file data27.cif (mmCIF, C-alpha atoms)
data_entry
#
loop_
_atom_site.label_atom_id
_atom_site.label_comp_id
_atom_site.auth_asym_id
_atom_site.auth_seq_id
_atom_site.Cartn_x
_atom_site.Cartn_y
_atom_site.Cartn_z
CA MET A 480 213.18 -5.79 75.90
CA LEU A 481 215.76 -6.02 78.66
CA ASP A 482 219.32 -4.78 78.39
CA LEU A 483 221.40 -7.77 77.25
CA ARG A 484 224.53 -6.35 78.84
CA TYR A 485 222.81 -6.23 82.23
CA LEU A 486 221.66 -9.83 81.87
CA ARG A 487 225.12 -10.91 80.75
CA ASN A 488 226.92 -9.18 83.62
CA ASN A 489 224.35 -9.84 86.38
CA PRO A 490 222.65 -13.13 85.49
CA ASN A 491 221.92 -14.29 89.05
CA GLU A 492 220.55 -10.94 90.17
CA ALA A 493 218.44 -10.64 87.02
CA GLU A 494 217.05 -14.16 87.37
CA ASP A 495 216.12 -13.56 91.02
CA ARG A 496 214.26 -10.35 90.10
CA LEU A 497 212.48 -11.97 87.17
CA ARG A 498 211.40 -14.93 89.30
CA ASN A 499 209.52 -12.45 91.48
CA ARG A 500 207.27 -12.13 88.43
CA ASP A 501 207.40 -15.69 87.16
CA PRO A 502 208.95 -18.51 89.24
CA GLU A 503 209.53 -20.53 86.06
CA VAL A 504 211.88 -17.97 84.50
CA SER A 505 215.32 -19.32 83.65
CA LEU A 506 218.17 -17.52 81.93
CA GLU A 507 220.15 -20.68 81.16
CA ARG A 508 219.12 -20.88 77.51
CA LEU A 509 219.69 -17.16 77.04
CA LYS A 510 223.18 -17.38 78.55
CA ALA A 511 224.04 -20.35 76.31
CA LEU A 512 222.77 -18.59 73.19
CA ASP A 513 224.58 -15.39 74.11
CA SER A 514 227.86 -17.29 74.56
CA ALA A 515 227.42 -19.17 71.28
CA TRP A 516 226.49 -15.99 69.41
CA ARG A 517 229.50 -14.08 70.73
CA ASN A 518 231.86 -16.95 69.88
CA VAL A 519 230.56 -17.14 66.33
CA LEU A 520 230.61 -13.34 66.03
CA GLN A 521 234.25 -13.35 67.13
CA ARG A 522 235.07 -15.94 64.47
CA VAL A 523 233.27 -13.84 61.84
CA GLU A 524 235.43 -10.87 62.75
CA GLU A 525 238.60 -13.01 62.69
CA ILE A 526 237.81 -14.36 59.20
CA ARG A 527 237.05 -10.89 57.91
CA ALA A 528 240.35 -9.62 59.29
CA GLU A 529 242.27 -12.55 57.73
CA ARG A 530 240.46 -12.06 54.42
CA ASN A 531 241.39 -8.38 54.42
CA GLU A 532 245.05 -9.27 55.07
CA ILE A 533 245.04 -11.73 52.15
CA GLY A 534 243.41 -9.11 49.95
CA GLU A 535 246.16 -6.64 50.76
CA ALA A 536 248.82 -9.34 50.13
CA ILE A 537 247.28 -10.15 46.73
CA ALA A 538 247.43 -6.47 45.76
CA VAL A 539 251.09 -6.25 46.75
CA ALA A 540 251.95 -9.52 44.97
CA LYS A 541 250.23 -8.44 41.77
CA LYS A 542 252.09 -5.17 41.81
CA ALA A 543 255.37 -7.09 42.21
CA GLY A 544 254.45 -9.49 39.39
CA GLU A 545 254.30 -12.47 41.75
CA SER A 546 251.92 -15.42 41.56
CA VAL A 547 248.65 -14.95 43.50
CA THR A 548 247.00 -18.31 42.66
CA GLU A 549 247.46 -19.83 46.13
CA ALA A 550 246.31 -16.63 47.84
CA ILE A 551 243.18 -16.48 45.67
CA GLU A 552 242.37 -20.10 46.56
CA ARG A 553 242.74 -19.27 50.26
CA MET A 554 240.48 -16.25 49.72
CA GLY A 555 237.84 -18.55 48.22
CA ILE A 556 238.04 -20.91 51.23
CA PHE A 557 237.64 -17.99 53.62
CA LYS A 558 234.71 -16.68 51.60
CA GLU A 559 232.91 -20.02 51.82
CA GLU A 560 233.61 -20.37 55.55
CA LEU A 561 232.50 -16.79 56.18
CA SER A 562 229.21 -17.38 54.36
CA LYS A 563 228.45 -20.42 56.54
CA ILE A 564 229.46 -18.83 59.79
CA GLU A 565 227.53 -15.62 59.06
CA GLU A 566 224.40 -17.75 58.69
CA GLN A 567 225.18 -19.32 62.06
CA GLU A 568 225.61 -15.86 63.58
CA LYS A 569 222.23 -14.74 62.23
CA GLU A 570 220.53 -17.89 63.56
CA PHE A 571 222.03 -17.56 67.03
CA LYS A 572 221.13 -13.85 67.10
CA SER A 573 217.55 -14.62 66.05
CA GLN A 574 217.16 -17.22 68.80
CA LEU A 575 218.75 -14.87 71.32
CA ASP A 576 216.32 -12.09 70.36
CA ASP A 577 213.39 -14.51 70.75
CA GLU A 578 214.55 -15.29 74.29
CA LEU A 579 214.85 -11.60 75.10
CA LEU A 580 211.41 -10.84 73.68
CA GLY A 581 209.87 -13.47 75.92
CA LEU A 582 211.25 -12.02 79.17
CA PRO A 583 209.13 -9.53 81.14
CA ASN A 584 210.39 -6.23 82.45
CA LEU A 585 212.29 -6.16 85.74
CA PRO A 586 209.92 -5.29 88.60
CA ASP A 587 210.42 -2.06 90.51
CA PRO A 588 211.70 -2.79 94.06
CA ARG A 589 208.57 -1.22 95.63
CA VAL A 590 206.19 -3.66 93.89
CA PRO A 591 204.72 -6.26 96.31
CA VAL A 592 206.14 -9.70 95.52
CA SER A 593 203.22 -12.09 95.11
CA PHE A 594 201.38 -14.18 92.52
CA ASP A 595 197.98 -13.57 94.13
CA SER A 596 196.21 -10.45 92.85
CA ASP A 597 194.43 -10.12 96.20
CA ASP A 598 197.77 -9.13 97.73
CA ALA A 599 197.75 -5.80 95.88
CA GLU A 600 198.71 -2.88 98.12
CA GLU A 601 195.90 -0.40 98.72
CA LEU A 602 197.33 3.13 98.43
CA ARG A 603 194.26 5.37 98.69
CA VAL A 604 190.47 5.23 98.95
CA GLY A 605 188.19 8.11 98.01
CA GLY A 606 184.58 9.04 97.44
CA GLU A 607 181.53 8.09 99.47
CA LEU A 608 179.76 4.76 99.41
CA PRO A 609 176.30 5.29 97.85
CA ASP A 610 173.55 5.46 100.47
CA HIS A 611 170.90 3.24 98.91
CA ASP A 612 167.90 2.44 101.11
CA PHE A 613 167.01 -0.38 98.71
CA GLU A 614 168.81 -3.36 97.20
CA PRO A 615 170.81 -1.85 94.30
CA ARG A 616 170.48 -3.49 90.91
CA ASP A 617 173.39 -4.17 88.58
CA HIS A 618 173.80 -2.18 85.38
CA VAL A 619 172.17 -4.81 83.17
CA GLU A 620 169.06 -4.94 85.35
CA LEU A 621 168.92 -1.15 85.25
CA ALA A 622 169.69 -0.64 81.57
CA GLU A 623 167.61 -3.29 79.82
CA PRO A 624 164.15 -2.10 81.03
CA LEU A 625 165.07 1.42 79.87
CA GLY A 626 166.25 0.15 76.47
CA LEU A 627 169.78 1.42 77.08
CA LEU A 628 171.74 -1.78 76.36
CA ASP A 629 170.70 -4.28 73.69
CA PHE A 630 172.68 -7.50 74.05
CA PRO A 631 170.34 -9.60 71.84
CA ALA A 632 171.05 -7.15 69.00
CA SER A 633 174.81 -7.32 69.49
CA ALA A 634 174.61 -11.13 69.50
CA ARG A 635 172.79 -11.04 66.14
CA LEU A 636 175.13 -8.46 64.67
CA THR A 637 178.42 -9.95 65.84
CA GLY A 638 178.26 -12.55 68.59
CA ALA A 639 178.80 -12.96 72.29
CA GLY A 640 180.99 -10.49 74.12
CA PHE A 641 179.87 -7.32 72.33
CA ALA A 642 177.36 -4.60 73.21
CA VAL A 643 174.93 -2.23 71.52
CA TYR A 644 174.40 1.07 73.39
CA ARG A 645 171.09 2.78 72.73
CA LYS A 646 169.31 6.03 73.62
CA GLU A 647 170.81 7.80 76.65
CA ALA A 648 173.44 5.08 77.10
CA ALA A 649 174.91 5.99 73.71
CA LEU A 650 174.86 9.66 74.66
CA LEU A 651 176.36 8.92 78.07
CA GLU A 652 179.16 6.82 76.53
CA TRP A 653 179.95 9.59 74.06
CA ALA A 654 179.76 12.14 76.86
CA LEU A 655 182.30 10.26 78.96
CA LEU A 656 184.74 9.91 76.07
CA SER A 657 184.42 13.55 75.00
CA TRP A 658 184.72 14.88 78.55
CA MET A 659 187.71 12.69 79.46
CA PHE A 660 189.51 13.36 76.16
CA LYS A 661 189.14 17.10 76.71
CA ASN A 662 190.26 16.72 80.33
CA ALA A 663 193.45 14.92 79.26
CA ALA A 664 194.20 17.68 76.76
CA GLU A 665 193.71 20.29 79.49
CA HIS A 666 196.37 18.46 81.51
CA GLY A 667 198.89 19.00 78.70
CA TYR A 668 198.49 15.77 76.71
CA GLU A 669 198.54 16.27 72.95
CA PRO A 670 195.23 15.01 71.44
CA VAL A 671 195.81 12.45 68.69
CA LEU A 672 193.30 10.53 66.56
CA LEU A 673 194.78 7.24 65.43
CA PRO A 674 194.21 4.28 63.10
CA PHE A 675 192.48 1.31 64.76
CA LEU A 676 194.72 -1.00 62.69
CA VAL A 677 198.46 -1.43 63.20
CA ASN A 678 201.20 -3.59 61.72
CA ALA A 679 203.09 -6.35 63.51
CA ARG A 680 206.12 -4.11 64.13
CA SER A 681 203.96 -1.79 66.21
CA LEU A 682 202.75 -4.67 68.37
CA TYR A 683 206.32 -5.92 68.85
CA THR A 684 207.36 -2.47 70.06
CA SER A 685 204.51 -2.19 72.57
CA SER A 686 205.10 -5.83 73.67
CA GLN A 687 201.84 -7.54 72.67
CA LEU A 688 203.78 -9.67 70.18
CA PRO A 689 205.08 -12.28 70.07
CA LYS A 690 204.03 -13.53 73.52
CA PHE A 691 200.35 -12.52 73.41
CA MET A 692 199.51 -13.33 69.81
CA GLY A 693 196.35 -15.15 70.95
CA ASP A 694 194.89 -12.01 72.53
CA VAL A 695 194.79 -9.81 69.42
CA TYR A 696 192.56 -9.87 66.36
CA LYS A 697 194.38 -10.25 63.03
CA LEU A 698 192.92 -9.46 59.60
CA ALA A 699 192.84 -12.55 57.44
CA ASP A 700 194.05 -10.92 54.22
CA ASP A 701 196.48 -8.33 55.54
CA ASP A 702 199.38 -8.21 57.96
CA LEU A 703 197.37 -5.84 60.13
CA TYR A 704 195.88 -6.13 63.61
CA LEU A 705 193.06 -4.41 65.48
CA ILE A 706 194.50 -2.43 68.36
CA PRO A 707 194.02 -3.99 71.83
CA THR A 708 194.69 -0.53 73.29
CA SER A 709 195.64 2.84 71.86
CA GLU A 710 198.84 2.53 73.88
CA VAL A 711 200.11 0.55 70.87
CA PRO A 712 199.94 3.29 68.21
CA LEU A 713 200.70 6.08 70.70
CA VAL A 714 203.97 4.47 71.86
CA ASN A 715 204.88 3.81 68.25
CA LEU A 716 204.68 7.53 67.46
CA GLY A 717 208.18 7.55 68.94
CA ARG A 718 209.45 4.43 67.18
CA GLU A 719 212.91 4.90 65.62
CA MET A 720 212.87 8.52 66.80
CA THR A 721 215.68 10.33 68.60
CA TYR A 722 214.40 13.29 70.62
CA LYS A 723 216.39 16.15 72.02
CA GLU A 724 216.39 16.02 75.82
CA GLN A 725 214.72 19.43 75.98
CA GLU A 726 211.82 18.04 73.91
CA LEU A 727 210.95 15.58 76.68
CA PRO A 728 208.61 14.60 78.14
CA ARG A 729 206.25 14.10 75.20
CA ARG A 730 202.66 13.53 76.31
CA PHE A 731 199.92 12.07 74.09
CA THR A 732 196.26 11.19 74.54
CA SER A 733 193.83 9.40 72.27
CA VAL A 734 190.29 8.07 72.36
CA THR A 735 189.68 4.81 70.51
CA ALA A 736 187.78 1.59 70.44
CA ASN A 737 189.88 -1.33 71.66
CA PHE A 738 189.62 -4.96 70.58
CA ARG A 739 190.63 -7.99 72.63
CA ARG A 740 189.93 -11.64 72.09
CA GLU A 741 190.25 -12.21 75.84
CA ALA A 742 191.66 -15.67 75.12
CA GLY A 743 191.29 -17.98 78.10
CA THR A 744 188.67 -15.85 79.86
CA TYR A 745 185.53 -17.43 78.41
CA GLY A 746 182.87 -17.70 81.07
CA ARG A 747 184.54 -15.19 83.43
CA ASP A 748 182.59 -12.05 84.34
CA THR A 749 180.81 -12.07 81.00
CA ARG A 750 177.58 -10.41 82.15
CA GLY A 751 177.05 -6.91 80.83
CA LEU A 752 179.79 -4.51 79.84
CA VAL A 753 182.63 -5.34 82.19
CA ARG A 754 184.46 -7.86 79.98
CA THR A 755 183.73 -7.37 76.30
CA HIS A 756 185.76 -7.90 73.12
CA GLN A 757 185.27 -4.26 72.08
CA PHE A 758 185.31 -1.29 74.44
CA ASN A 759 186.25 2.37 74.47
CA LYS A 760 188.77 4.30 76.51
CA VAL A 761 190.86 7.43 76.67
CA GLU A 762 194.57 6.60 76.87
CA LEU A 763 197.56 8.56 78.12
CA VAL A 764 201.10 7.82 76.91
CA ALA A 765 204.31 9.65 77.74
CA ILE A 766 207.85 9.39 76.40
CA THR A 767 210.34 10.74 78.93
CA ALA A 768 213.94 10.89 80.01
CA PRO A 769 214.55 8.40 82.86
CA GLU A 770 214.68 11.04 85.60
CA GLN A 771 211.32 12.51 84.46
CA ALA A 772 209.43 9.21 84.57
CA GLU A 773 208.42 9.09 88.25
CA GLY A 774 206.88 12.56 88.16
CA VAL A 775 204.89 11.72 85.02
CA PHE A 776 203.83 8.39 86.60
CA GLU A 777 202.30 10.21 89.59
CA GLU A 778 200.75 12.77 87.23
CA MET A 779 198.97 10.05 85.24
CA ILE A 780 197.63 8.43 88.41
CA ALA A 781 196.25 11.78 89.58
CA ILE A 782 194.48 12.33 86.23
CA ALA A 783 192.89 8.88 86.45
CA GLU A 784 191.79 9.42 90.07
CA GLU A 785 190.22 12.74 89.17
CA ILE A 786 187.64 11.04 86.91
CA PRO A 787 185.73 9.02 89.56
CA GLN A 788 186.14 11.87 92.05
CA ARG A 789 184.28 14.28 89.78
CA LEU A 790 181.64 11.70 88.92
CA GLY A 791 180.73 11.06 92.54
CA LEU A 792 181.94 7.44 92.61
CA ARG A 793 183.63 5.39 95.30
CA TRP A 794 187.17 4.65 94.15
CA ARG A 795 190.46 3.24 95.34
CA THR A 796 194.04 3.09 94.07
CA ILE A 797 196.11 -0.08 94.40
CA MET A 798 199.63 -1.15 93.45
CA LEU A 799 199.60 -4.46 91.62
CA VAL A 800 201.75 -7.37 92.73
CA THR A 801 204.64 -8.66 90.65
CA GLY A 802 202.67 -11.60 89.24
CA ASP A 803 199.76 -9.43 88.04
CA MET A 804 201.53 -6.86 85.87
CA ALA A 805 201.65 -6.69 82.08
CA GLN A 806 204.87 -7.92 80.51
CA GLN A 807 206.17 -4.44 79.68
CA ALA A 808 205.45 -2.86 83.08
CA SER A 809 207.99 -2.33 85.83
CA VAL A 810 205.37 -0.96 88.23
CA THR A 811 201.60 -0.67 87.79
CA VAL A 812 198.99 1.21 89.80
CA ASP A 813 195.30 0.56 89.15
CA VAL A 814 192.40 2.88 89.89
CA GLU A 815 189.21 0.95 90.64
CA VAL A 816 185.58 1.92 91.16
CA TRP A 817 182.99 0.30 93.41
CA CYS A 818 179.94 -1.07 91.60
CA PRO A 819 177.21 -1.47 94.26
CA GLY A 820 174.93 -3.58 92.06
CA MET A 821 177.67 -6.13 91.34
CA LYS A 822 179.08 -5.59 94.85
CA ARG A 823 182.69 -5.50 93.78
CA TRP A 824 185.56 -3.32 92.63
CA TRP A 825 186.38 -2.98 88.93
CA GLU A 826 189.52 -1.54 87.38
CA ILE A 827 188.94 1.55 85.25
CA SER A 828 192.55 2.65 84.84
CA SER A 829 195.91 0.92 84.82
CA VAL A 830 198.94 3.22 84.95
CA SER A 831 202.37 1.71 84.23
CA ASN A 832 205.97 2.84 84.08
CA CYS A 833 207.58 0.61 81.43
CA THR A 834 211.08 2.06 81.95
CA ASP A 835 213.18 1.53 78.77
CA TYR A 836 211.59 -1.86 77.95
CA GLN A 837 209.42 -0.68 75.03
CA ALA A 838 211.97 1.92 73.96
CA ARG A 839 214.60 -0.80 73.39
CA ARG A 840 212.15 -2.78 71.28
CA GLY A 841 211.16 0.28 69.25
CA GLY A 842 214.40 2.26 69.10
CA ILE A 843 212.97 5.25 71.01
CA ARG A 844 215.94 7.40 72.06
CA TYR A 845 216.89 10.87 73.19
CA LYS A 846 220.06 12.93 72.88
CA PRO A 847 221.21 14.28 76.26
CA ALA A 848 221.65 18.02 76.58
CA ASP A 849 225.40 17.52 77.11
CA ALA A 850 225.56 16.08 73.56
CA GLY A 851 226.72 12.71 74.83
CA LYS A 852 225.75 9.36 73.34
CA SER A 853 222.02 8.88 72.71
CA ARG A 854 220.13 6.92 75.34
CA PHE A 855 216.88 5.00 75.49
CA CYS A 856 213.80 6.86 76.66
CA TYR A 857 211.32 5.65 79.26
CA THR A 858 207.68 5.09 78.26
CA LEU A 859 204.59 5.29 80.46
CA ASN A 860 200.94 4.61 79.79
CA GLY A 861 197.64 4.89 81.62
CA SER A 862 193.94 4.66 80.90
CA ALA A 863 192.05 7.83 81.70
CA VAL A 864 189.78 5.88 81.64
CA ALA A 865 187.98 2.75 80.28
CA THR A 866 184.23 3.32 79.96
CA SER A 867 183.17 -0.34 79.96
CA ARG A 868 183.59 -0.34 83.76
CA LEU A 869 183.01 3.37 84.39
CA LEU A 870 179.55 3.41 82.79
CA PRO A 871 178.29 0.48 84.91
CA ALA A 872 179.65 2.21 88.03
CA ILE A 873 177.75 5.38 87.14
CA LEU A 874 174.49 3.53 86.51
CA GLU A 875 174.75 1.44 89.67
CA THR A 876 175.95 4.25 91.96
CA HIS A 877 173.47 6.90 90.86
CA GLN A 878 170.38 4.71 90.56
CA ARG A 879 167.13 5.47 92.36
CA ALA A 880 164.62 3.08 93.85
CA ASN A 881 162.23 3.66 90.91
CA GLY A 882 164.87 2.50 88.41
CA SER A 883 165.85 5.98 87.21
CA ILE A 884 169.48 7.10 87.06
CA VAL A 885 170.88 10.53 87.95
CA ILE A 886 173.50 11.75 85.48
CA PRO A 887 176.63 13.19 87.15
CA GLU A 888 176.86 16.94 86.79
CA PRO A 889 179.95 17.06 84.48
CA LEU A 890 178.11 14.99 81.86
CA ARG A 891 174.70 16.66 81.83
CA ALA A 892 175.52 19.21 79.14
CA TYR A 893 176.62 16.38 76.83
CA VAL A 894 173.53 14.19 77.47
CA GLY A 895 171.00 17.04 77.63
CA LYS A 896 169.20 15.89 80.78
CA GLU A 897 169.77 15.28 84.46
CA VAL A 898 167.91 11.99 84.92
CA ILE A 899 167.43 8.90 82.78
CA GLY A 900 164.11 7.06 83.21
CA GLY A 901 161.60 7.45 86.00
CA LYS A 902 158.47 9.55 86.06
#

call {"tool": "encode", "arguments": {"input": "data27.cif", "output": "structure tokens"}}
result
Amino acid sequence: MLDLRYLRNNPNEAEDRLRNRDPEVSLERLKALDSAWRNVLQRVEEIRAERNEIGEAIAVAKKAGESVTEAIERMGIFKEELSKIEEQEKEFKSQLDDELLGLPNLPDPRVPVSFDSDDAEELRVGGELPDHDFEPRDHVELAEPLGLLDFPASARLTGAGFAVYRKEAALLEWALLSWMFKNAAEHGYEPVLLPFLVNARSLYTSSQLPKFMGDVYKLADDDLYLIPTSEVPLVNLGREMTYKEQELPRRFTSVTANFRREAGTYGRDTRGLVRTHQFNKVELVAITAPEQAEGVFEEMIAIAEEIPQRLGLRWRTIMLVTGDMAQQASVTVDVEVWCPGMKRWWEISSVSNCTDYQARRGGIRYKPADAGKSRFCYTLNGSAVATSRLLPAILETHQRANGSIVIPEPLRAYVGKEVIGGK
């Protein structure tokens, strides 16, 4: 949620910055609601003050033995008016909050202004392109003959958009998650195992609700939702908390399944693992003081880049354009891997600085060391990393002409072999 005082005092500047993300953004309704709310709120305060004065006058009159009938009647009129106007105040405030909740975060000045994802700024490229002397196959063509992925079974069990991992693929998936989770902990992120179900308040704090209601799965009989990312419960560990400045930054990591309806993406990139309704990833979340955020942002990016480096994959790091960021992000950097069978880049990590946007929604504060007034924290998140794209990149990069797949060295102890398939 944006700072209402900033929007109130700098409406033109704010609107210009927000239109770099969405050209349809308008603050006219918000400004009108804010003005109406403040006018009503002022009247509420005036009536309360007048009511208090009458109350004091009644007490004095009673003590002096004077009649208080007229004053009591006036008190009743004020009480009725106050009741009505307090309802108006609540209604205006509710509508104002809805407007605020619908606005995205202000983009960082360094973010490229564009609504075309192809305009992302390439920051770094690493790793070697695989030297295949044959036409590389995609991960589905590699996995199905070896019995590693069973999409007919997942269709029977659940439906389209899910996967069943079998044999070495199941071991490799578990290996990736275990290795990356341990790696995040070694970088100073507190390991946390979390519920896969959260309440609506948690999704409001992390910014999935109310705008992206159609993208999350809701339980029919409970006010609970399957997590679209473990960012949601991790950020909410700080909800309604006030940290001491010396306790910051707080770093957390978790490994979870993630569930997304992917509303509006039917028919897009649906082959294999790259766009499924359920996938696994290791997540990083940090709660910081504002001046700590940039250092932690770069730290998260480095952790994400380390994964494909150590797995022998071709990777690149890009800064997303304004029109391609999540609502809560002020700046986002993606780490992508090259999948030679599919002949394209796929995102495996998305690292975002959300500034104080989520903290305002969730009441995440810190007390400065100088004992001044509490302030809102900054929150950051990053995948480290999603396996539904990383696993295909491993299979496609390390394939051999005979259809076998070499397991990257860091994962061999987990899987128990060096090569999958082949003779």

call {"tool": "residues_around", "arguments": {"input": "data27.cif", "residues": "A:Asn715", "least_positions_apart": "4", "cutoff": "8 Å", "atoms": "only C-alpha atoms", "output": "PyMOL selection string"}}
result
chain A and resi 681+684-685+711+841

call {"tool": "residues_around", "arguments": {"input": "data27.cif", "residues": "A:Glu507", "least_positions_apart": "2", "cutoff": "12 Å", "atoms": "all atoms listed in the file", "output": "VMD selection string"}}
result
chain A and resid 486 to 487 490 to 491 493 to 494 503 to 505 509 to 514 575 578

call {"tool": "closest_residue", "arguments": {"input": "data27.cif", "among": "A:Arg508, A:Lys558, A:Arg840, A:Lys661", "to": "A:Leu688", "atoms": "all atoms listed in the file"}}
result
A:Arg840

call {"tool": "atom_distance", "arguments": {"input": "data27.cif", "atom1": "atom CA of A:Glu815", "atom2": "atom CA of A:Asp694"}}
result
23.0 Å

call {"tool": "closest_residue", "arguments": {"input": "data27.cif", "among": "A:Val592, A:Met804, A:Met798, A:Ile537", "to": "A:Arg498", "atoms": "all atoms listed in the file"}}
result
A:Val592

call {"tool": "closest_residue", "arguments": {"input": "data27.cif", "among": "A:Phe641, A:Trp653, A:Phe571, A:Trp516", "to": "A:Gln757", "atoms": "only C-alpha atoms"}}
result
A:Phe641

call {"tool": "closest_residue", "arguments": {"input": "data27.cif", "among": "A:Gln567, A:Val812, A:Phe613, A:Leu655", "to": "A:Leu520", "atoms": "all atoms listed in the file"}}
result
A:Gln567

call {"tool": "resolve_selection", "arguments": {"input": "data27.cif", "expression": "the PyMOL selection byres ((chain A and resi 898) around 6)", "output": "PDB file with C-alpha atoms, in the coordinates of the input"}}
result
ATOM      1  CA  ILE A 884     169.480   7.100  87.060  1.00  0.00           C
ATOM      2  CA  VAL A 885     170.880  10.530  87.950  1.00  0.00           C
ATOM      3  CA  ILE A 886     173.500  11.750  85.480  1.00  0.00           C
ATOM      4  CA  LYS A 896     169.200  15.890  80.780  1.00  0.00           C
ATOM      5  CA  GLU A 897     169.770  15.280  84.460  1.00  0.00           C
ATOM      6  CA  ILE A 899     167.430   8.900  82.780  1.00  0.00           C
TER       7      ILE A 899
END

call {"tool": "atom_distance", "arguments": {"input": "data27.cif", "atom1": "atom CA of A:Leu698", "atom2": "atom CA of A:Gly751"}}
result
26.6 Å

call {"tool": "closest_residue", "arguments": {"input": "data27.cif", "among": "A:Ser831, A:Ser853, A:Asn584, A:Asn499", "to": "A:Tyr722", "atoms": "all atoms listed in the file"}}
result
A:Ser853

call {"tool": "closest_residue", "arguments": {"input": "data27.cif", "among": "A:Pro674, A:Gly774, A:Gly626, A:Gly717", "to": "A:Gly842", "atoms": "all atoms listed in the file"}}
result
A:Gly717

call {"tool": "residues_around", "arguments": {"input": "data27.cif", "residues": "A:Leu625", "least_positions_apart": "5", "cutoff": "9 Å", "atoms": "all atoms listed in the file", "output": "ChimeraX atom specification"}}
result
/A:646,882-883,899-900

call {"tool": "resolve_selection", "arguments": {"input": "data27.cif", "expression": "the PyMOL selection byres ((chain A and resi 599) around 8)", "output": "list of chain:residue names"}}
result
A:Pro591, A:Asp595, A:Ser596, A:Asp597, A:Asp598, A:Glu600, A:Glu601, A:Ile797, A:Met798, A:Leu799, A:Val800

call {"tool": "resolve_selection", "arguments": {"input": "data27.cif", "expression": "the PyMOL selection byres ((chain A and resi 609) around 12)", "output": "JSON, numbers by chain"}}
result
{"A": [606, 607, 608, 610, 611, 612, 613, 614, 615, 791, 792, 793, 794, 816, 817, 818, 819, 820, 822, 872, 873, 874, 875, 876, 877, 878, 879]}

call {"tool": "residues_near_point", "arguments": {"input": "data27.cif", "point": "(230.8, -13.8, 66.0)", "cutoff": "10 Å", "atoms": "only C-alpha atoms", "output": "mmCIF file with C-alpha atoms, in the frame of the given file"}}
result
data_model
loop_
_atom_site.group_PDB
_atom_site.id
_atom_site.type_symbol
_atom_site.label_atom_id
_atom_site.label_comp_id
_atom_site.auth_asym_id
_atom_site.auth_seq_id
_atom_site.Cartn_x
_atom_site.Cartn_y
_atom_site.Cartn_z
ATOM 1 C CA SER A 514 227.860 -17.290 74.560
ATOM 2 C CA ALA A 515 227.420 -19.170 71.280
ATOM 3 C CA TRP A 516 226.490 -15.990 69.410
ATOM 4 C CA ARG A 517 229.500 -14.080 70.730
ATOM 5 C CA ASN A 518 231.860 -16.950 69.880
ATOM 6 C CA VAL A 519 230.560 -17.140 66.330
ATOM 7 C CA LEU A 520 230.610 -13.340 66.030
ATOM 8 C CA GLN A 521 234.250 -13.350 67.130
ATOM 9 C CA ARG A 522 235.070 -15.940 64.470
ATOM 10 C CA VAL A 523 233.270 -13.840 61.840
ATOM 11 C CA GLU A 524 235.430 -10.870 62.750
ATOM 12 C CA GLU A 525 238.600 -13.010 62.690
ATOM 13 C CA ILE A 526 237.810 -14.360 59.200
ATOM 14 C CA ILE A 564 229.460 -18.830 59.790
ATOM 15 C CA GLU A 565 227.530 -15.620 59.060
ATOM 16 C CA GLN A 567 225.180 -19.320 62.060
ATOM 17 C CA GLU A 568 225.610 -15.860 63.580
ATOM 18 C CA LYS A 569 222.230 -14.740 62.230
ATOM 19 C CA PHE A 571 222.030 -17.560 67.030
ATOM 20 C CA LYS A 572 221.130 -13.850 67.100
#

call {"tool": "atom_distance", "arguments": {"input": "data27.cif", "atom1": "atom CA of A:Leu676", "atom2": "atom CA of A:Val695"}}
result
11.1 Å

call {"tool": "residues_near_point", "arguments": {"input": "data27.cif", "point": "(190.1, 9.1, 71.8)", "cutoff": "10 Å", "atoms": "all atoms listed in the file", "output": "ChimeraX atom specification"}}
result
/A:656-657,659-661,670-673,709,732-736,759-763

call {"tool": "residues_around", "arguments": {"input": "data27.cif", "residues": "stretch 845-849 of chain A", "least_positions_apart": "4", "cutoff": "9 Å", "atoms": "only C-alpha atoms", "output": "list of chain:residue names"}}
result
A:Met720, A:Thr721, A:Tyr722, A:Lys723, A:Glu724, A:Gln725, A:Glu726, A:Leu727, A:Thr767, A:Ala768, A:Ser853, A:Arg854, A:Phe855, A:Cys856

call {"tool": "residues_around", "arguments": {"input": "data27.cif", "residues": "A:Val619", "least_positions_apart": "5", "cutoff": "9 Å", "atoms": "only C-alpha atoms", "output": "PyMOL selection string"}}
result
chain A and resi 624+628+750-752+871

call {"tool": "build_atoms", "arguments": {"input": "data27.cif", "residues": "stretch 487-492 of chain A", "atoms": "N, CA and C atoms", "output": "mmCIF file, in the frame of the given file"}}
result
data_model
loop_
_atom_site.group_PDB
_atom_site.id
_atom_site.type_symbol
_atom_site.label_atom_id
_atom_site.label_comp_id
_atom_site.auth_asym_id
_atom_site.auth_seq_id
_atom_site.Cartn_x
_atom_site.Cartn_y
_atom_site.Cartn_z
ATOM 1 N N ARG A 487 223.836 -10.226 80.921
ATOM 2 C CA ARG A 487 225.120 -10.910 80.750
ATOM 3 C C ARG A 487 226.020 -10.714 81.976
ATOM 4 N N ASN A 488 226.002 -9.505 82.516
ATOM 5 C CA ASN A 488 226.920 -9.180 83.620
ATOM 6 C C ASN A 488 226.334 -9.488 84.996
ATOM 7 N N ASN A 489 225.001 -9.609 85.080
ATOM 8 C CA ASN A 489 224.350 -9.840 86.380
ATOM 9 C C ASN A 489 223.295 -10.938 86.267
ATOM 10 N N PRO A 490 223.671 -12.104 85.769
ATOM 11 C CA PRO A 490 222.650 -13.130 85.490
ATOM 12 C C PRO A 490 221.907 -13.613 86.730
ATOM 13 N N ASN A 491 222.589 -13.784 87.840
ATOM 14 C CA ASN A 491 221.920 -14.290 89.050
ATOM 15 C C ASN A 491 220.957 -13.258 89.621
ATOM 16 N N GLU A 492 221.415 -12.013 89.686
ATOM 17 C CA GLU A 492 220.550 -10.940 90.170
ATOM 18 C C GLU A 492 219.321 -10.796 89.279
#
